[in-house]
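Engineer: Below is the file work_7.txt, with compact mmCIF, C-alpha atoms and all ligand atoms.
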```txt
# COMPACT_ATOMS: atom_id res chain seq x y z
CA MET W 1 1.92 38.58 -22.94
CA GLU W 2 3.82 38.31 -26.23
CA LYS W 3 2.39 39.92 -29.34
CA ASN W 4 3.41 39.45 -32.94
CA VAL W 5 2.15 42.00 -35.46
CA LYS W 6 3.14 43.34 -38.83
CA TYR W 7 3.14 47.00 -37.78
CA LEU W 8 3.86 48.67 -34.46
CA ILE W 9 2.56 52.27 -34.49
CA ILE W 10 3.87 54.77 -31.96
CA GLY W 11 1.32 57.49 -31.17
CA GLN W 12 -2.42 57.76 -31.63
CA GLY W 13 -2.83 61.36 -32.77
CA LEU W 14 -4.28 62.25 -36.16
CA VAL W 15 -1.54 60.37 -38.01
CA GLY W 16 -1.44 57.21 -35.88
CA THR W 17 -5.24 56.96 -35.96
CA TRP W 18 -5.34 57.13 -39.76
CA LEU W 19 -2.53 54.63 -40.11
CA GLY W 20 -4.27 52.18 -37.77
CA TYR W 21 -7.60 52.71 -39.50
CA PHE W 22 -6.29 51.96 -42.99
CA LEU W 23 -4.37 48.89 -41.75
CA GLN W 24 -7.50 47.63 -40.03
CA GLN W 25 -9.52 48.10 -43.24
CA ARG W 26 -7.03 45.84 -45.02
CA ASN W 27 -6.93 43.23 -42.28
CA ILE W 28 -3.22 43.84 -41.69
CA SER W 29 -2.18 43.18 -38.10
CA PHE W 30 -0.95 46.08 -35.99
CA ALA W 31 -0.57 47.36 -32.44
CA ILE W 32 -0.65 51.00 -31.44
CA VAL W 33 1.25 52.31 -28.41
CA ASN W 34 0.08 55.64 -27.07
CA ASP W 35 0.77 57.53 -23.89
CA SER W 36 -2.26 59.74 -23.36
CA SER W 37 -0.42 61.78 -20.75
CA THR W 38 2.04 63.16 -23.36
CA ALA W 39 1.22 66.31 -25.33
CA SER W 40 -0.87 65.84 -28.48
CA ALA W 41 -1.31 68.55 -31.13
CA THR W 42 -4.47 66.81 -32.34
CA LYS W 43 -6.21 67.21 -28.97
CA VAL W 44 -6.02 71.01 -29.11
CA ALA W 45 -6.30 71.68 -32.86
CA SER W 46 -9.34 73.37 -34.36
CA GLY W 47 -9.70 70.71 -37.04
CA VAL W 48 -10.18 72.92 -40.08
CA MET W 49 -9.62 71.78 -43.66
CA ASN W 50 -9.41 74.86 -45.86
CA PRO W 51 -8.31 74.75 -49.49
CA VAL W 52 -7.04 78.36 -49.39
CA THR W 53 -4.09 79.56 -47.37
CA GLY W 54 -2.20 82.67 -46.28
CA ARG W 55 -2.72 86.39 -46.72
CA ARG W 56 -2.39 86.02 -50.49
CA MET W 57 -5.23 83.45 -50.49
CA VAL W 58 -3.52 80.92 -52.70
CA GLN W 59 -4.59 77.30 -52.96
CA THR W 60 -3.02 74.94 -50.44
CA TRP W 61 -0.31 72.50 -51.59
CA MET W 62 -1.79 69.41 -53.38
CA ILE W 63 -5.29 70.39 -52.29
CA GLU W 64 -7.04 69.02 -55.36
CA GLU W 65 -5.81 65.50 -54.61
CA VAL W 66 -5.63 65.68 -50.85
CA LEU W 67 -9.00 67.27 -49.99
CA PRO W 68 -11.36 64.87 -51.84
CA PHE W 69 -9.39 61.93 -50.43
CA ALA W 70 -9.62 63.35 -46.90
CA VAL W 71 -13.35 64.09 -47.15
CA SER W 72 -14.21 60.58 -48.35
CA SER W 73 -11.91 59.05 -45.71
CA TYR W 74 -13.50 60.99 -42.82
CA GLU W 75 -16.95 60.08 -44.16
CA SER W 76 -16.06 56.40 -44.28
CA PHE W 77 -14.46 56.56 -40.79
CA GLN W 78 -17.61 58.28 -39.54
CA GLU W 79 -19.82 55.57 -40.99
CA LYS W 80 -17.68 52.67 -39.70
CA THR W 81 -17.45 54.08 -36.17
CA ASN W 82 -20.97 55.52 -36.12
CA THR W 83 -19.62 58.83 -34.80
CA LYS W 84 -20.19 62.33 -36.20
CA ILE W 85 -16.73 63.55 -37.24
CA ILE W 86 -16.82 65.72 -40.36
CA ASN W 87 -18.85 68.91 -40.82
CA ALA W 88 -19.03 71.01 -43.98
CA ALA W 89 -18.62 74.66 -42.92
CA PRO W 90 -17.87 77.46 -45.38
CA VAL W 91 -15.43 80.08 -44.11
CA VAL W 92 -16.94 83.55 -43.81
CA LEU W 93 -14.11 86.05 -44.26
CA ILE W 94 -14.70 89.27 -42.38
CA HIS W 95 -12.02 91.32 -44.10
CA PRO W 96 -9.81 92.95 -41.46
CA SER W 97 -8.47 95.66 -43.80
CA GLN W 98 -8.91 97.22 -47.23
CA GLN W 99 -5.71 95.45 -48.30
CA MET W 100 -7.12 92.02 -47.41
CA LYS W 101 -10.39 92.83 -49.18
CA ASP W 102 -8.41 93.83 -52.30
CA SER W 103 -6.32 90.68 -52.08
CA PHE W 104 -9.49 88.55 -51.84
CA GLU W 105 -11.08 90.27 -54.83
CA TYR W 106 -7.94 89.94 -56.90
CA ARG W 107 -7.74 86.20 -56.17
CA MET W 108 -11.42 85.67 -56.85
CA ASP W 109 -10.90 87.13 -60.32
CA HIS W 110 -7.67 85.18 -60.92
CA ASP W 111 -8.24 81.49 -60.87
CA ASN W 112 -9.20 80.66 -57.31
CA VAL W 113 -12.21 78.39 -57.66
CA TYR W 114 -12.89 78.25 -53.93
CA LEU W 115 -13.60 81.97 -53.37
CA LYS W 116 -16.98 83.64 -53.77
CA ASN W 117 -18.93 86.69 -52.68
CA ASN W 118 -20.93 86.67 -49.48
CA ASN W 119 -23.75 88.93 -48.30
CA PRO W 120 -22.50 90.96 -45.31
CA LEU W 121 -26.08 91.68 -44.19
CA THR W 122 -26.41 88.04 -43.09
CA TRP W 123 -23.77 88.64 -40.43
CA ASP W 124 -24.59 92.21 -39.48
CA SER W 125 -26.18 91.36 -36.12
CA PHE W 126 -23.12 89.36 -34.98
CA PHE W 127 -20.03 91.20 -36.22
CA ASN W 128 -18.62 94.67 -36.74
CA MET W 129 -17.65 94.67 -40.40
CA HIS W 130 -15.76 97.62 -41.82
CA PHE W 131 -14.46 96.11 -45.05
CA GLY W 132 -17.18 93.66 -46.09
CA THR W 133 -17.13 89.88 -46.30
CA GLY W 134 -16.17 87.05 -48.63
CA GLU W 135 -16.51 83.30 -48.54
CA ILE W 136 -14.33 80.21 -49.03
CA GLU W 137 -16.16 77.09 -50.20
CA SER W 138 -15.25 73.41 -49.69
CA CYS W 139 -14.14 73.95 -46.09
CA TYR W 140 -14.75 71.50 -43.24
CA TRP W 141 -14.14 71.17 -39.56
CA ILE W 142 -13.31 67.84 -38.04
CA ASP W 143 -14.38 66.99 -34.49
CA LEU W 144 -10.90 65.78 -33.54
CA ILE W 145 -11.75 64.82 -29.95
CA ALA W 146 -14.57 62.58 -31.24
CA PHE W 147 -12.21 61.26 -33.94
CA LEU W 148 -9.49 60.28 -31.42
CA GLU W 149 -12.01 58.68 -29.05
CA ALA W 150 -13.71 56.74 -31.84
CA GLY W 151 -10.30 55.59 -33.11
CA LYS W 152 -9.26 54.37 -29.68
CA LYS W 153 -12.52 52.44 -29.36
CA GLN W 154 -12.17 51.04 -32.87
CA PHE W 155 -8.66 49.80 -32.04
CA ALA W 156 -9.57 48.49 -28.57
CA GLU W 157 -7.89 45.13 -29.26
CA ASN W 158 -4.81 46.74 -30.81
CA TYR W 159 -4.35 49.67 -28.41
CA ILE W 160 -1.68 49.67 -25.70
CA GLU W 161 -1.65 52.54 -23.22
CA SER W 162 2.05 52.94 -22.49
CA ASN W 163 4.98 55.27 -22.93
CA PHE W 164 7.29 54.16 -25.70
CA ASP W 165 10.89 54.22 -24.53
CA TYR W 166 13.51 54.19 -27.32
CA ASN W 167 16.01 52.48 -25.02
CA HIS W 168 13.97 49.28 -25.16
CA LEU W 169 13.76 49.16 -28.97
CA LYS W 170 15.78 46.29 -30.46
CA LEU W 171 16.40 45.94 -34.17
CA VAL W 172 16.37 42.30 -35.22
CA ASP W 173 16.69 40.57 -38.55
CA LYS W 174 13.77 41.86 -40.70
CA GLY W 175 11.98 43.61 -37.87
CA ILE W 176 11.97 45.02 -34.38
CA ASP W 177 11.26 43.92 -30.81
CA TRP W 178 9.91 46.26 -28.20
CA ASN W 179 8.98 44.96 -24.76
CA ASN W 180 7.03 41.84 -25.63
CA ILE W 181 6.00 42.95 -29.09
CA SER W 182 7.63 41.76 -32.33
CA ALA W 183 6.85 43.59 -35.56
CA GLU W 184 8.07 43.74 -39.13
CA LYS W 185 7.84 47.53 -39.14
CA ILE W 186 7.71 50.23 -36.50
CA ILE W 187 6.18 53.52 -37.66
CA PHE W 188 6.70 56.65 -35.60
CA CYS W 189 3.61 58.87 -35.47
CA ASP W 190 4.51 60.52 -32.19
CA GLY W 191 4.26 64.17 -33.27
CA VAL W 192 6.84 66.58 -31.87
CA ASN W 193 8.32 63.82 -29.68
CA THR W 194 10.00 62.39 -32.79
CA MET W 195 12.50 65.22 -32.37
CA MET W 196 14.03 63.09 -29.59
CA ASN W 197 14.00 59.92 -31.69
CA PRO W 198 17.60 58.74 -32.28
CA TYR W 199 16.69 57.60 -35.83
CA PHE W 200 14.97 60.80 -36.97
CA LYS W 201 16.17 63.62 -34.73
CA THR W 202 18.43 65.06 -37.47
CA LEU W 203 15.42 65.92 -39.67
CA PRO W 204 14.83 69.68 -40.01
CA PHE W 205 11.96 69.96 -37.52
CA ALA W 206 10.74 73.46 -36.70
CA PRO W 207 8.03 73.06 -34.04
CA ASN W 208 5.50 75.83 -33.85
CA LYS W 209 3.51 76.93 -30.80
CA GLY W 210 -0.19 77.73 -31.06
CA GLU W 211 -2.49 79.04 -28.33
CA ALA W 212 -6.29 79.09 -28.47
CA LEU W 213 -9.26 80.03 -26.30
CA ILE W 214 -12.52 78.16 -25.97
CA VAL W 215 -15.25 80.80 -25.89
CA GLU W 216 -18.98 80.56 -25.26
CA ILE W 217 -20.83 82.70 -27.83
CA LYS W 218 -24.54 82.03 -27.45
CA GLY W 219 -26.55 82.57 -30.62
CA LEU W 220 -23.69 82.59 -33.14
CA PRO W 221 -24.63 80.13 -35.94
CA SER W 222 -22.38 77.09 -35.80
CA LYS W 223 -22.60 76.01 -39.43
CA HIS W 224 -19.80 78.36 -40.50
CA ILE W 225 -16.21 79.11 -39.67
CA TYR W 226 -15.47 82.85 -39.23
CA LYS W 227 -12.15 84.47 -40.05
CA ASN W 228 -10.90 87.94 -39.36
CA ASN W 229 -7.52 88.44 -37.66
CA LEU W 230 -8.79 85.53 -35.60
CA ALA W 231 -10.43 82.27 -36.59
CA ILE W 232 -13.68 81.37 -34.79
CA ILE W 233 -14.51 77.72 -35.28
CA PRO W 234 -17.42 75.65 -33.96
CA TRP W 235 -16.29 73.38 -31.09
CA LYS W 236 -19.32 72.11 -29.11
CA GLU W 237 -22.80 73.50 -28.47
CA ASN W 238 -22.49 77.30 -28.10
CA LEU W 239 -18.73 76.90 -27.74
CA PHE W 240 -16.19 78.11 -30.28
CA TRP W 241 -12.44 77.57 -30.67
CA VAL W 242 -10.82 80.98 -31.07
CA GLY W 243 -7.25 81.44 -32.18
CA SER W 244 -4.56 81.00 -32.76
CA SER W 245 -1.04 82.21 -32.34
CA PHE W 246 1.70 80.96 -34.62
CA GLU W 247 5.10 81.15 -32.95
CA TRP W 248 8.36 79.73 -34.23
CA ASP W 249 10.47 81.17 -31.42
CA TYR W 250 8.91 80.40 -28.07
CA THR W 251 10.46 80.10 -24.68
CA SER W 252 7.67 78.29 -22.82
CA THR W 253 4.96 75.79 -23.75
CA ILE W 254 2.37 77.16 -21.34
CA PRO W 255 -0.61 79.46 -22.09
CA THR W 256 0.32 83.15 -21.92
CA ASP W 257 -1.56 86.14 -20.61
CA ALA W 258 -0.32 88.16 -23.60
CA PHE W 259 -2.18 85.89 -26.05
CA LYS W 260 -5.33 85.97 -23.93
CA GLN W 261 -5.36 89.78 -23.68
CA LYS W 262 -4.71 90.24 -27.39
CA THR W 263 -7.50 87.82 -28.27
CA ILE W 264 -9.92 89.55 -25.91
CA GLU W 265 -9.14 92.88 -27.61
CA SER W 266 -9.78 91.36 -31.04
CA LEU W 267 -13.03 89.72 -29.89
CA ASN W 268 -14.23 93.00 -28.36
CA ALA W 269 -13.59 94.77 -31.66
CA LEU W 270 -15.20 92.06 -33.78
CA LEU W 271 -18.24 90.72 -31.90
CA LYS W 272 -21.51 92.57 -31.37
CA ILE W 273 -22.84 89.86 -29.05
CA PRO W 274 -21.63 88.86 -25.56
CA TYR W 275 -19.12 86.08 -25.01
CA LYS W 276 -17.44 84.25 -22.13
CA ILE W 277 -14.00 82.63 -22.08
CA VAL W 278 -14.15 79.09 -20.71
CA ASP W 279 -10.72 77.63 -21.49
CA HIS W 280 -7.25 78.47 -22.76
CA PHE W 281 -4.77 75.98 -24.13
CA VAL W 282 -1.57 75.43 -26.05
CA GLY W 283 -0.31 72.93 -28.58
CA ILE W 284 2.92 72.46 -30.50
CA ARG W 285 2.54 71.85 -34.23
CA PRO W 286 4.93 69.23 -35.61
CA ALA W 287 6.11 71.54 -38.39
CA ASN W 288 9.36 71.78 -40.32
CA THR W 289 11.36 74.27 -42.32
CA GLU W 290 10.13 72.96 -45.70
CA ARG W 291 6.43 72.77 -44.73
CA ARG W 292 6.21 69.30 -46.26
CA PRO W 293 5.56 66.01 -44.44
CA PHE W 294 8.15 63.38 -43.49
CA VAL W 295 6.86 60.08 -44.84
CA GLY W 296 8.65 56.79 -45.49
CA LEU W 297 11.26 54.37 -44.26
CA HIS W 298 14.66 55.07 -42.75
CA PRO W 299 17.39 54.82 -45.43
CA SER W 300 19.60 52.56 -43.28
CA TYR W 301 16.95 50.69 -41.26
CA PRO W 302 14.01 49.75 -43.50
CA GLN W 303 12.13 48.24 -40.56
CA ILE W 304 11.73 51.79 -39.12
CA GLY W 305 9.34 54.30 -40.65
CA ILE W 306 7.95 57.75 -39.98
CA CYS W 307 4.80 59.68 -40.78
CA ASN W 308 5.13 63.16 -39.36
CA GLY W 309 5.69 66.85 -40.07
CA MET W 310 2.04 67.60 -40.98
CA GLY W 311 2.45 71.16 -39.65
CA THR W 312 -0.70 73.26 -39.84
CA LYS W 313 -2.49 70.92 -42.27
CA GLY W 314 -2.65 67.61 -40.42
CA CYS W 315 -6.40 67.13 -40.96
CA SER W 316 -6.16 67.09 -44.74
CA LEU W 317 -2.65 65.61 -45.14
CA ALA W 318 -2.79 62.75 -42.60
CA PRO W 319 -5.35 60.52 -44.41
CA TYR W 320 -3.61 60.94 -47.77
CA PHE W 321 -0.05 60.32 -46.60
CA THR W 322 -0.77 57.44 -44.18
CA HIS W 323 -2.57 55.72 -47.05
CA GLU W 324 0.34 56.44 -49.37
CA LEU W 325 2.82 55.02 -46.82
CA ILE W 326 0.89 51.75 -46.59
CA GLU W 327 0.74 51.51 -50.39
CA HIS W 328 4.47 52.14 -50.48
CA ILE W 329 5.34 49.43 -47.98
CA GLU W 330 2.78 46.85 -49.08
CA ASN W 331 2.83 47.38 -52.86
CA ASN W 332 6.03 49.29 -53.59
CA ALA W 333 4.05 52.31 -54.75
CA PRO W 334 6.18 55.47 -55.00
CA LEU W 335 5.95 58.16 -52.33
CA HIS W 336 5.42 61.76 -53.36
CA VAL W 337 8.94 63.17 -53.83
CA GLU W 338 8.24 66.26 -51.76
CA ALA W 339 7.02 64.14 -48.84
CA ASN W 340 9.42 61.20 -49.01
CA VAL W 341 11.69 61.32 -45.96
CA GLN W 342 14.48 59.85 -48.09
CA ARG W 343 15.05 63.37 -49.43
CA PHE W 344 16.96 63.82 -46.16
CA LYS W 345 19.02 60.65 -46.61
CA HIS W 346 22.22 62.67 -46.20
CA LEU W 347 21.05 63.86 -42.76
CA MET W 348 20.01 60.41 -41.60
CA SER W 349 23.01 58.35 -42.65
CA VAL W 350 24.56 56.62 -39.66
C1 LIG W 401 -3.27 75.32 -31.85
C2 LIG W 401 -3.24 74.38 -33.05
C3 LIG W 401 -4.22 74.49 -34.01
C4 LIG W 401 -4.22 73.65 -35.13
N1 LIG W 401 -5.23 73.75 -36.03
C5 LIG W 401 -5.24 72.91 -37.12
C6 LIG W 401 -6.31 72.96 -38.06
O1 LIG W 401 -7.28 73.73 -37.91
N2 LIG W 401 -6.26 72.13 -39.13
C7 LIG W 401 -5.23 71.24 -39.34
O2 LIG W 401 -5.24 70.52 -40.34
N3 LIG W 401 -4.22 71.16 -38.45
C8 LIG W 401 -4.21 71.97 -37.35
N4 LIG W 401 -3.18 71.90 -36.45
C9 LIG W 401 -2.08 70.97 -36.74
C10 LIG W 401 -2.46 69.54 -36.34
O3 LIG W 401 -2.90 69.55 -35.02
C11 LIG W 401 -1.27 68.63 -36.51
O4 LIG W 401 -0.77 68.67 -37.83
C12 LIG W 401 -1.64 67.17 -36.18
O5 LIG W 401 -2.47 67.10 -35.06
C13 LIG W 401 -0.40 66.35 -35.98
O6 LIG W 401 -0.81 65.04 -35.66
P1 LIG W 401 0.26 63.96 -35.20
O7 LIG W 401 -0.48 62.68 -35.10
O8 LIG W 401 1.46 64.04 -36.07
O9 LIG W 401 0.77 64.46 -33.77
P2 LIG W 401 0.03 64.46 -32.35
O10 LIG W 401 -1.38 64.84 -32.47
O11 LIG W 401 0.87 65.28 -31.43
O12 LIG W 401 0.05 62.95 -31.91
C14 LIG W 401 1.18 62.31 -31.36
C15 LIG W 401 0.69 61.20 -30.45
O13 LIG W 401 1.81 60.46 -30.00
C16 LIG W 401 1.71 60.24 -28.61
N5 LIG W 401 3.09 60.09 -28.11
C17 LIG W 401 4.10 60.99 -28.20
N6 LIG W 401 5.20 60.48 -27.64
C18 LIG W 401 4.89 59.23 -27.20
C19 LIG W 401 5.62 58.20 -26.52
N7 LIG W 401 6.91 58.34 -26.21
N8 LIG W 401 4.98 57.07 -26.20
C20 LIG W 401 3.68 56.89 -26.52
N9 LIG W 401 2.94 57.84 -27.16
C21 LIG W 401 3.54 58.98 -27.48
C22 LIG W 401 1.00 61.51 -28.10
O14 LIG W 401 0.38 61.27 -26.86
C23 LIG W 401 -0.02 61.73 -29.21
O15 LIG W 401 -1.19 60.99 -28.98
C24 LIG W 401 -3.18 72.70 -35.30
C25 LIG W 401 -2.22 72.56 -34.30
C26 LIG W 401 -2.24 73.39 -33.18
C27 LIG W 401 -1.20 73.22 -32.12
```
Could you take the file, read its structure, and then write that structure out as C-alpha cells?
Ligand SMILES: Cc1cc2nc3c(=O)[nH]c(=O)nc-3n(C[C@H](O)[C@H](O)[C@H](O)COP(=O)(O)OP(=O)(O)OC[C@H]3O[C@@H](n4cnc5c(N)ncnc54)[C@H](O)[C@@H]3O)c2cc1C
Structural biologist:
Amino acid sequence: MEKNVKYLIIGQGLVGTWLGYFLQQRNISFAIVNDSSTASATKVASGVMNPVTGRRMVQTWMIEEVLPFAVSSYESFQEKTNTKIINAAPVVLIHPSQQMKDSFEYRMDHDNVYLKNNNPLTWDSFFNMHFGTGEIESCYWIDLIAFLEAGKKQFAENYIESNFDYNHLKLVDKGIDWNNISAEKIIFCDGVNTMMNPYFKTLPFAPNKGEALIVEIKGLPSKHIYKNNLAIIPWKENLFWVGSSFEWDYTSTIPTDAFKQKTIESLNALLKIPYKIVDHFVGIRPANTERRPFVGLHPSYPQIGICNGMGTKGCSLAPYFTHELIEHIENNAPLHVEANVQRFKHLMSV
C-alpha cells in the first residue's frame, strides 16, 4: 500500500520516539520505520538524567535549558499515554575515596546548585561507607522500556516494523521515496547504525560500549539512585540496573566475564545486604569525539536529516534536540551551533 507523509523517521529509539511524538502533537504526518531485531541503546540504558557529570562534578552541558524541557516533555508524554515514565530520584553519592569526597565538598562550596549534604546514617544498614555521603538534587530516572512501548502504541497507525535498507532509498525532486512511501524529509534516528549510512558515515562517530547487570536487591529503597564506583539505579520491583562500563576501544559487542567479575567485587565491597544477579547485557552508545549531538539537514541533500550522537545523555538531550529540529525545519528556527550537523559540512560534501 502506498503512503505519503511529510516525514519518514528511521528508528524508534529515544530519538525517533521523541521526534514522532512532537510531530504527532502538531498534527504533522509521519511514518516511523523500526527493526526491533536490531540493537538499540535505549533498550539497555539506565535512563538517568543527572545535572552533574564526571569526577570533577561539574554541571552537564546546557543542563539549565535541557533538563526543565526534558522533565516537562516526559511528564506530558506520560499524561498523554497514561503510562508511568518519569521518576524523581536524588542521587546518593557514597564517596569511593577521600579525593572524591574532597572534590564533592569543593564543588558544593563553589557554585554547584545541585549538590547538597546527605545524612550517612540513613544508608548505614545498606552500604559500607568509608568516606561519607553526598547528594545530587534534580535527578530523574526514566523507565525507557515503558517509554518505548508506550511510543510504539501511540504511533500504532504510523509504525512500520521493517528493516530500512539504504539501497532502496531514492532521492526525488523535493523529497524521497522508499519502498512504497513518499516523504518530504527522511530523518535518520537509527543510533549507531547511522555509521553505515552513505550520507552520514563520514561524521566523527566514536561508539562506546557499556555493560550492565540487572541485580535483585530486596529491601533497598527504590526512590533513590546510588553512586559509588558503580551506579545502582531502580529498574523494576526489587530489581536494580548496576553498571556500567565505558569503553571506547572494544573488540566484541558481547557481555564479558571480566565486567561481571569486577562488578561482583564492587557489589561485595559496597552492599551490606544480599543480592542476586539476574541478567547481564551490553549496549553501544552512539557517541562521538566532540560529545555533542548531530542535528540537522544534510548540506547537499536537504530532504535528508539526522538526529543522533546523544552519547551518554540521550534521556535529557533527545526531547530538546528533536523539538529544535522540527522548529528548524518547520519554522526556520536556528539550530544550536554546537549541535548543528552542518558544522561538519566539509566532511559531508559529495
Ligand atoms: C549501557 C548504557 C547505559 C546508558 N545509560 C544512560 C543513562 O543513564 N542516561 C542517558 O541519558 N543515556 C544513557 N545511555 C545513552 C542512551 O542510551 C543513548 O544516548 C540513546 O538511547 C540513544 O538513542 P537513539 O535513539 O539515538 O539510538 P537507539 O536507542 O540505538 O535507537 C535506534 C533505533 O533504530 C533502530 N534501527 C537501527 N537500524 C535500523 C534499520 N536499518 N532499520 C530499522 N530500524 C533500525 C533500532 O532498532 C533502534 O530502535 C546509555 C547507553 C548505554 C549503552
Engineer: Dump the neighbourhood of ligand LIG 401 (chain W) as JSON, numbers by chain: all residues within 6 Å, distances computed on all atoms listed in the file.
Structural biologist: {"W": [10, 11, 12, 13, 14, 15, 16, 33, 34, 35, 36, 38, 39, 40, 41, 42, 44, 45, 46, 47, 48, 49, 162, 163, 164, 165, 189, 190, 191, 193, 210, 211, 212, 244, 283, 284, 285, 308, 310, 311, 312, 313, 314, 315, 316]}
Engineer: Filtering to C-alpha atoms, could you give me those residues as a tab-separated table (two decimals), keeping the file's coordinate frame?
Structural biologist:
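Writing the result to selection20.tsv gives the following:
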```tsv
chain	number	residue	atom	x	y	z
W	10	ILE	CA	3.87	54.77	-31.96
W	11	GLY	CA	1.32	57.49	-31.17
W	12	GLN	CA	-2.42	57.76	-31.63
W	13	GLY	CA	-2.83	61.36	-32.77
W	14	LEU	CA	-4.28	62.25	-36.16
W	15	VAL	CA	-1.54	60.37	-38.01
W	16	GLY	CA	-1.44	57.21	-35.88
W	33	VAL	CA	1.25	52.31	-28.41
W	34	ASN	CA	0.08	55.64	-27.07
W	35	ASP	CA	0.77	57.53	-23.89
W	36	SER	CA	-2.26	59.74	-23.36
W	38	THR	CA	2.04	63.16	-23.36
W	39	ALA	CA	1.22	66.31	-25.33
W	40	SER	CA	-0.87	65.84	-28.48
W	41	ALA	CA	-1.31	68.55	-31.13
W	42	THR	CA	-4.47	66.81	-32.34
W	44	VAL	CA	-6.02	71.01	-29.11
W	45	ALA	CA	-6.30	71.68	-32.86
W	46	SER	CA	-9.34	73.37	-34.36
W	47	GLY	CA	-9.70	70.71	-37.04
W	48	VAL	CA	-10.18	72.92	-40.08
W	49	MET	CA	-9.62	71.78	-43.66
W	162	SER	CA	2.05	52.94	-22.49
W	163	ASN	CA	4.98	55.27	-22.93
W	164	PHE	CA	7.29	54.16	-25.70
W	165	ASP	CA	10.89	54.22	-24.53
W	189	CYS	CA	3.61	58.87	-35.47
W	190	ASP	CA	4.51	60.52	-32.19
W	191	GLY	CA	4.26	64.17	-33.27
W	193	ASN	CA	8.32	63.82	-29.68
W	210	GLY	CA	-0.19	77.73	-31.06
W	211	GLU	CA	-2.49	79.04	-28.33
W	212	ALA	CA	-6.29	79.09	-28.47
W	244	SER	CA	-4.56	81.00	-32.76
W	283	GLY	CA	-0.31	72.93	-28.58
W	284	ILE	CA	2.92	72.46	-30.50
W	285	ARG	CA	2.54	71.85	-34.23
W	308	ASN	CA	5.13	63.16	-39.36
W	310	MET	CA	2.04	67.60	-40.98
W	311	GLY	CA	2.45	71.16	-39.65
W	312	THR	CA	-0.70	73.26	-39.84
W	313	LYS	CA	-2.49	70.92	-42.27
W	314	GLY	CA	-2.65	67.61	-40.42
W	315	CYS	CA	-6.40	67.13	-40.96
W	316	SER	CA	-6.16	67.09	-44.74
```
Engineer: What separation in Å, quoted to one decimal, exists between CA of Lys227 (chain W) and CA of Val92 (chain W)?
Structural biologist: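 About the pair CA of Lys227 (chain W) and CA of Val92 (chain W): they are 6.2 Å apart.
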Engineer: Enumerate, as a PyMOL selection string, the protein, DNA and RNA residues whose atoms approach (-13.9, 77.4, -45.7) to within 7 Å, taking into account all atoms listed in the file and the coordinate frame of the file.
Structural biologist: chain W and resi 50+89-91+136-140+225
Engineer: Restricted to C-alpha atoms, what would the selected residues look like written as an mmCIF file, keeping the file's coordinate frame?
Structural biologist:
```
data_model
loop_
_atom_site.group_PDB
_atom_site.id
_atom_site.type_symbol
_atom_site.label_atom_id
_atom_site.label_comp_id
_atom_site.auth_asym_id
_atom_site.auth_seq_id
_atom_site.Cartn_x
_atom_site.Cartn_y
_atom_site.Cartn_z
ATOM 1 C CA ASN W 50 -9.410 74.860 -45.860
ATOM 2 C CA ALA W 89 -18.620 74.660 -42.920
ATOM 3 C CA PRO W 90 -17.870 77.460 -45.380
ATOM 4 C CA VAL W 91 -15.430 80.080 -44.110
ATOM 5 C CA ILE W 136 -14.330 80.210 -49.030
ATOM 6 C CA GLU W 137 -16.160 77.090 -50.200
ATOM 7 C CA SER W 138 -15.250 73.410 -49.690
ATOM 8 C CA CYS W 139 -14.140 73.950 -46.090
ATOM 9 C CA TYR W 140 -14.750 71.500 -43.240
ATOM 10 C CA ILE W 225 -16.210 79.110 -39.670
#
```
Engineer: So for region 316-331 of chain W, what box centre and size do we get, axis-aligned, 3 Å extra on each of the six sides, every listed atom, Å to one decimal, as AutoDock Vina command-line options?
Structural biologist:
```
--center_x -0.4 --center_y 57.0 --center_z -47.7 --size_x 17.5 --size_y 26.2 --size_z 16.3
```
Engineer: Give me the residues within 12 Å of Ser300 (chain W) as a PDB file with C-alpha atoms, keeping the file's coordinate frame, counting only C-alpha atoms and dropping any in the same chain fewer than 5 places off.
Structural biologist:
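Everything below was put into selection_31.pdb:
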```pdb
ATOM      1  CA  LEU W 171      16.400  45.940 -34.170  1.00  0.00           C
ATOM      2  CA  TYR W 199      16.690  57.600 -35.830  1.00  0.00           C
ATOM      3  CA  PHE W 200      14.970  60.800 -36.970  1.00  0.00           C
ATOM      4  CA  GLY W 305       9.340  54.300 -40.650  1.00  0.00           C
ATOM      5  CA  GLN W 342      14.480  59.850 -48.090  1.00  0.00           C
ATOM      6  CA  PHE W 344      16.960  63.820 -46.160  1.00  0.00           C
ATOM      7  CA  LYS W 345      19.020  60.650 -46.610  1.00  0.00           C
ATOM      8  CA  HIS W 346      22.220  62.670 -46.200  1.00  0.00           C
ATOM      9  CA  LEU W 347      21.050  63.860 -42.760  1.00  0.00           C
ATOM     10  CA  MET W 348      20.010  60.410 -41.600  1.00  0.00           C
ATOM     11  CA  SER W 349      23.010  58.350 -42.650  1.00  0.00           C
ATOM     12  CA  VAL W 350      24.560  56.620 -39.660  1.00  0.00           C
TER      13      VAL W 350
END
```
Engineer: Pick out the residues sitting within 8 Å of region 110-114 of chain W, and hand them over as a PyMOL selection string; count only C-alpha atoms, and ignore anything fewer than 2 positions along from it in its own chain.
Structural biologist: chain W and resi 51-52+58-59+106-108+116+136-138
Engineer: Have a look at W:Ile86, W:Ala156, W:Leu203, W:Ala318 and name the one nearest to Gln24 (chain W); count all atoms listed in the file.
Structural biologist: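 Of W:Ile86, W:Ala156, W:Leu203, W:Ala318, the one nearest Gln24 (chain W) is W:Ala156, counting all atoms listed in the file.
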Engineer: Which one is closest to Ile9 (chain W): W:Lys185, W:Lys174, W:Lys84, W:Lys101? Count all atoms listed in the file.
Structural biologist: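 Result for the nearest residue to Ile9 (chain W): W:Lys185.
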Engineer: May I ask for the distance between CA of Gln99 (chain W) and CA of Thr122 (chain W), given in Å to one decimal place?
Structural biologist: 22.6 Å
Engineer: Quick one: residues within 7 Å of Gly151 (chain W), all atoms listed in the file, excluding same-chain residues fewer than 4 positions away - as number ranges by chain?
Structural biologist: W: 17, 147, 155
Engineer: Have a look at W:Val5, W:Leu230, W:Ile63, W:Ile217 and name the one nearest to Pro274 (chain W); count only C-alpha atoms.
Structural biologist: W:Ile217
Engineer: Measuring atom to atom with all atoms listed in the file, identify which of W:Val66, W:Ile273, W:Val242, W:Met100 is nearest to Gly54 (chain W).
Structural biologist: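 Nearest to Gly54 (chain W): W:Met100.
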Engineer: Go through W:Thr81, W:Ser76, W:Thr53, W:Asn331 and flag the residue nearest Lys152 (chain W), using only C-alpha atoms for the distances.
Structural biologist: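 Using only C-alpha atoms, the shortest distance to Lys152 (chain W) belongs to W:Thr81.
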